[in-house]
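K.L.:
Just dropping this structure here.
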Amino acid sequence: MIPEHLRAFQHSVVEHHPGWEVRLWTDEDNRAFIREHYPWFSKTYDDYPYEIMRVDAVRPFLLQHYGGFYVDLDVECVGSFELLRSGELAPELTRRRPTERVGLVLGLERRLTRTAVCTNAVMASRPQHPLWQHVFEALELRARRKQPWFMPRENYILNTTGPELIHDMLRKYSSEHQDVLVVTPEVLSPLGWWQHRGSRVFPNAIAVHHYGSSWLPTHSQVWQNFLRVIAG
């Protein structure tokens with residue numbers, strides 16, 4: 001069951017993509033999918049200490065197997081993803097433009113303390129894109145690293161299964177793949193996680209990630225909400 005406050009976001013995806021197949025994947029669906037199609041990853045998947053790590057980890061597998069778009073429930077569509085499929089974006093909205101037909105789409109999101117990194121809230125891929133194999137290998141490798149006692153849970157998750165892992169693989173292997181489109185934060189993540197939408201408008205956006213952050217511990221959610229009040 002989709003929480004009430006997220007239903008409008010899901011409806012926005014359907015509204016902007018008539019004729020597209022839209023499927024909601026549950027935790028049970030994800031586990032069954034991994035066991036059927038990637039059984040070698042099942043133990044790693046089941047052994048993750050936090051549920052959000054399974055939610056993160058399954059996304060590359062779904063995209064590698066089926067292709068298409070992955071979209072988080074807290075993402076609002078304000079335009080059509082067709083622009084990403086075609087690659088017909090203004091040059092200033094791209095960090096990397098493919099030299100051939102678009103096969104993989106990744107977007108950047110802002111961070112408070114560093115330059116933008118890849119978001120995993122919205123991603124698109126053709127089936128069997130070879131970059132995902134590098135991601136699979138990194139997921140296996142990083143799963144063997146235990147959480148250091150001094151590392152906050154959020155950082156451990158982001159680096160082990162989340163956006164930091166996707167960003168590292170793109171940076172390491174992008175030269176091998178000439179069909180990757182990377183778009184600026186204005187396109188898919190115009191808000192920083194510390195901001196709320198308010199009356200802001202986003203003329204260059206196709207989607208707006210609202211950072212529901214339900215996976216964060218309570219104290220982190222309180223801190224995030226405090227920053228949003230300050231940032232306005």
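If you're wondering about the labels, chains in the structure tokens are A, B, ... by order shown, residues count from 1 in each chain, ligands from 1 in order shown.
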How would you write, as a PDB file with C-alpha atoms, in the first residue's frame, the set of residues in stretch 30-108 of chain A that DSSP gives as alpha helix (DSSP H)?
P.N.:
ATOM      1  CA  ASN A  30      12.110  -7.756  -5.057  1.00  0.00           C
ATOM      2  CA  ARG A  31      13.208 -10.779  -3.051  1.00  0.00           C
ATOM      3  CA  ALA A  32      11.427 -13.163  -5.433  1.00  0.00           C
ATOM      4  CA  PHE A  33      13.009 -11.411  -8.418  1.00  0.00           C
ATOM      5  CA  ILE A  34      16.531 -11.747  -7.019  1.00  0.00           C
ATOM      6  CA  ARG A  35      16.021 -15.415  -6.137  1.00  0.00           C
ATOM      7  CA  GLU A  36      14.677 -16.227  -9.602  1.00  0.00           C
ATOM      8  CA  HIS A  37      17.019 -14.238 -11.822  1.00  0.00           C
ATOM      9  CA  SER A  42      20.501 -13.950  -2.760  1.00  0.00           C
ATOM     10  CA  LYS A  43      22.680 -14.459   0.308  1.00  0.00           C
ATOM     11  CA  THR A  44      24.244 -11.020   0.057  1.00  0.00           C
ATOM     12  CA  TYR A  45      20.795  -9.531  -0.471  1.00  0.00           C
ATOM     13  CA  ASP A  46      19.253 -11.282   2.532  1.00  0.00           C
ATOM     14  CA  ASP A  47      22.232 -10.562   4.788  1.00  0.00           C
ATOM     15  CA  GLU A  51      16.020  -3.015   4.704  1.00  0.00           C
ATOM     16  CA  ILE A  52      16.877   0.118   2.721  1.00  0.00           C
ATOM     17  CA  MET A  53      20.055  -1.610   1.529  1.00  0.00           C
ATOM     18  CA  ARG A  54      17.932  -4.268  -0.176  1.00  0.00           C
ATOM     19  CA  VAL A  55      15.754  -1.511  -1.673  1.00  0.00           C
ATOM     20  CA  ASP A  56      18.902   0.157  -3.009  1.00  0.00           C
ATOM     21  CA  ALA A  57      20.616  -2.996  -4.214  1.00  0.00           C
ATOM     22  CA  VAL A  58      17.747  -4.416  -6.256  1.00  0.00           C
ATOM     23  CA  ARG A  59      17.487  -1.352  -8.528  1.00  0.00           C
ATOM     24  CA  PRO A  60      20.507  -2.070 -10.759  1.00  0.00           C
ATOM     25  CA  PHE A  61      19.383  -5.676 -11.133  1.00  0.00           C
ATOM     26  CA  LEU A  62      15.895  -4.639 -12.254  1.00  0.00           C
ATOM     27  CA  LEU A  63      17.346  -2.196 -14.771  1.00  0.00           C
ATOM     28  CA  GLN A  64      19.895  -4.670 -16.082  1.00  0.00           C
ATOM     29  CA  HIS A  65      17.252  -7.367 -16.504  1.00  0.00           C
ATOM     30  CA  TYR A  66      14.246  -5.430 -17.814  1.00  0.00           C
ATOM     31  CA  GLU A  82      11.013  10.823 -23.207  1.00  0.00           C
ATOM     32  CA  LEU A  83      13.512  13.693 -23.307  1.00  0.00           C
ATOM     33  CA  LEU A  84      16.006  11.496 -21.505  1.00  0.00           C
ATOM     34  CA  ARG A  85      15.462   8.580 -23.839  1.00  0.00           C
ATOM     35  CA  SER A  86      16.151  10.773 -26.831  1.00  0.00           C
TER      36      SER A  86
END
K.L.:
Let me make sure I understand: among A:Glu88, A:Asp179, A:Glu164, A:Asp29, which one has the smallest atom-to-atom distance to A:Glu100 if we use only C-alpha atoms?
P.N.:
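The closest residue to A:Glu100 is A:Asp179.
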K.L.:
For a test of reading the model, state the distance in Å between atom CA of A:Tyr156 and atom CA of A:Lys172, rounded to one decimal.
P.N.:
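Separation of atom CA of A:Tyr156 and atom CA of A:Lys172: 20.0 Å.
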K.L.:
Choose the residue, out of A:Ala8, A:Val102, A:Cys77, A:Val182, that has the smallest atom-to-atom separation from A:His167; count only C-alpha atoms.
P.N.:
A:Val182
K.L.:
Give me the residues of stretch 119-189 of chain A that have any atom at most 6 Å from an atom of stretch 103-109 of chain A; for each, the nearest atom pair and the distance in Å, rounded to one decimal. Use only C-alpha atoms, sort by chain and number, and format it as a Markdown table.
P.N.:
| residue | atom | partner | partner_atom | distance |
| --- | --- | --- | --- | --- |
| A:Thr119 | CA | A:Leu108 | CA | 5.5 |
| A:Met123 | CA | A:Leu106 | CA | 5.4 |
| A:Ala124 | CA | A:Val105 | CA | 4.9 |
| A:Ser125 | CA | A:Leu104 | CA | 4.3 |
| A:Arg126 | CA | A:Gly103 | CA | 5.2 |
| A:Asp179 | CA | A:Gly103 | CA | 5.1 |
| A:Val180 | CA | A:Leu104 | CA | 4.8 |
| A:Leu181 | CA | A:Val105 | CA | 4.8 |
| A:Val182 | CA | A:Leu106 | CA | 4.9 |
| A:Val183 | CA | A:Gly107 | CA | 4.8 |
| A:Thr184 | CA | A:Leu108 | CA | 5.4 |
| A:Pro185 | CA | A:Leu108 | CA | 4.9 |
| A:Ser189 | CA | A:Glu109 | CA | 5.4 |
K.L.:
Give me a file of those residues, with C-alpha atoms, as a PDB file, in the first residue's frame.
P.N.:
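Saved result, part.pdb, follows:
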ATOM      1  CA  THR A 119      21.186   9.944  -7.536  1.00  0.00           C
ATOM      2  CA  MET A 123      17.742   5.931 -13.285  1.00  0.00           C
ATOM      3  CA  ALA A 124      17.159   4.536 -16.767  1.00  0.00           C
ATOM      4  CA  SER A 125      18.842   1.831 -18.779  1.00  0.00           C
ATOM      5  CA  ARG A 126      18.564  -0.401 -21.774  1.00  0.00           C
ATOM      6  CA  ASP A 179      26.106   5.743 -24.514  1.00  0.00           C
ATOM      7  CA  VAL A 180      25.797   7.251 -21.011  1.00  0.00           C
ATOM      8  CA  LEU A 181      23.804  10.457 -20.488  1.00  0.00           C
ATOM      9  CA  VAL A 182      24.467  12.284 -17.208  1.00  0.00           C
ATOM     10  CA  VAL A 183      22.175  15.215 -16.420  1.00  0.00           C
ATOM     11  CA  THR A 184      22.652  18.092 -14.002  1.00  0.00           C
ATOM     12  CA  PRO A 185      20.686  18.370 -10.728  1.00  0.00           C
ATOM     13  CA  SER A 189      16.919  16.625  -8.408  1.00  0.00           C
TER      14      SER A 189
END
K.L.:
Apply DSSP to the structure's backbone, then extract all residues of stretch 51-148 of chain A labelled strand (DSSP E) and return them as a PyMOL selection string.
P.N.:
chain A and resi 68-71+75-77+94-96+104-109+117-125
K.L.:
Include C-alpha atoms and write out the residues we just selected as a short mmCIF file (atom, residue, chain, number, x, y, z; two decimals), in the first residue's frame.
P.N.:
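The new file selection.cif reads:
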data_model
loop_
_atom_site.label_atom_id
_atom_site.label_comp_id
_atom_site.auth_asym_id
_atom_site.auth_seq_id
_atom_site.Cartn_x
_atom_site.Cartn_y
_atom_site.Cartn_z
CA GLY A 68 13.34 1.03 -18.55
CA PHE A 69 13.12 3.63 -15.80
CA TYR A 70 13.41 3.19 -12.08
CA VAL A 71 11.64 5.95 -10.08
CA VAL A 75 9.79 11.53 -6.95
CA GLU A 76 7.29 13.88 -8.59
CA CYS A 77 7.18 14.01 -12.38
CA THR A 94 24.12 17.69 -19.22
CA ARG A 95 27.45 16.76 -17.64
CA ARG A 96 28.07 13.98 -20.10
CA LEU A 104 21.99 4.60 -19.74
CA VAL A 105 20.72 7.72 -17.96
CA LEU A 106 21.97 8.94 -14.60
CA GLY A 107 21.25 12.21 -12.85
CA LEU A 108 23.22 14.23 -10.34
CA GLU A 109 21.97 15.50 -6.99
CA VAL A 117 26.90 12.86 -6.96
CA CYS A 118 24.67 10.45 -8.85
CA THR A 119 21.19 9.94 -7.54
CA ASN A 120 19.68 6.46 -7.52
CA ALA A 121 16.14 7.83 -7.11
CA VAL A 122 15.70 8.06 -10.89
CA MET A 123 17.74 5.93 -13.29
CA ALA A 124 17.16 4.54 -16.77
CA SER A 125 18.84 1.83 -18.78
#
K.L.:
Calculate how many Å separate atom CA of A:Ala205 from atom CA of A:Leu188, rounding to one decimal.
P.N.:
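So the answer is 6.0 Å.
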K.L.:
Identify, on the basis of only C-alpha atoms, every residue whose closest approach to A:Pro49 does not exceed 10 Å; exclude the query and any residue fewer than 5 positions from it along the same chain; express the result as a list in words.
P.N.:
Arg54, Ala143, Lys146, Gln147 and Ile157 of chain A
K.L.:
So, counting only C-alpha atoms, which residue among A:Pro91, A:Pro39, A:Gly192, A:Gly67 is closest to A:Asn204?
P.N.:
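Result for the nearest residue to A:Asn204: A:Pro91.
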K.L.:
Find the residue from A:Val22, A:Ala116, A:Leu93, A:Leu170 that sits nearest to A:Leu191; use only C-alpha atoms when measuring.
P.N.:
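Nearest candidate to A:Leu191 out of A:Val22, A:Ala116, A:Leu93, A:Leu170: A:Ala116.
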K.L.:
So the first atom is atom CA of A:Pro203 and the second is atom CA of A:Glu4; what is the distance between them in Å, to one decimal place?
P.N.:
26.9 Å
K.L.:
Tell me, as a PyMOL selection string, which residues lie within 10 Å of A:Arg7, counting only C-alpha atoms; anything in the same chain fewer than 5 positions away does not count.
P.N.:
chain A and resi 1-2+12+73-74+76
K.L.:
Taking N, CA and C atoms for each residue, export the selection above as a tab-separated table (two decimals), in the first residue's frame.
P.N.:
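To be explicit, this is the file written out as out_13.tsv:
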chain	number	residue	atom	x	y	z
A	1	MET	N	0.84	-1.19	0.00
A	1	MET	CA	0.00	0.00	0.00
A	1	MET	C	0.88	1.25	0.00
A	2	ILE	N	0.62	2.14	-0.93
A	2	ILE	CA	1.39	3.37	-1.02
A	2	ILE	C	0.88	4.36	0.02
A	12	SER	N	1.64	11.33	-10.74
A	12	SER	CA	2.31	12.25	-11.67
A	12	SER	C	3.15	11.48	-12.69
A	73	LEU	N	9.36	6.38	-5.00
A	73	LEU	CA	8.00	6.83	-4.71
A	73	LEU	C	7.95	8.30	-4.31
A	74	ASP	N	9.07	8.85	-3.83
A	74	ASP	CA	9.06	10.26	-3.43
A	74	ASP	C	9.54	11.19	-4.54
A	76	GLU	N	8.41	13.28	-7.88
A	76	GLU	CA	7.29	13.88	-8.59
A	76	GLU	C	7.70	14.17	-10.03
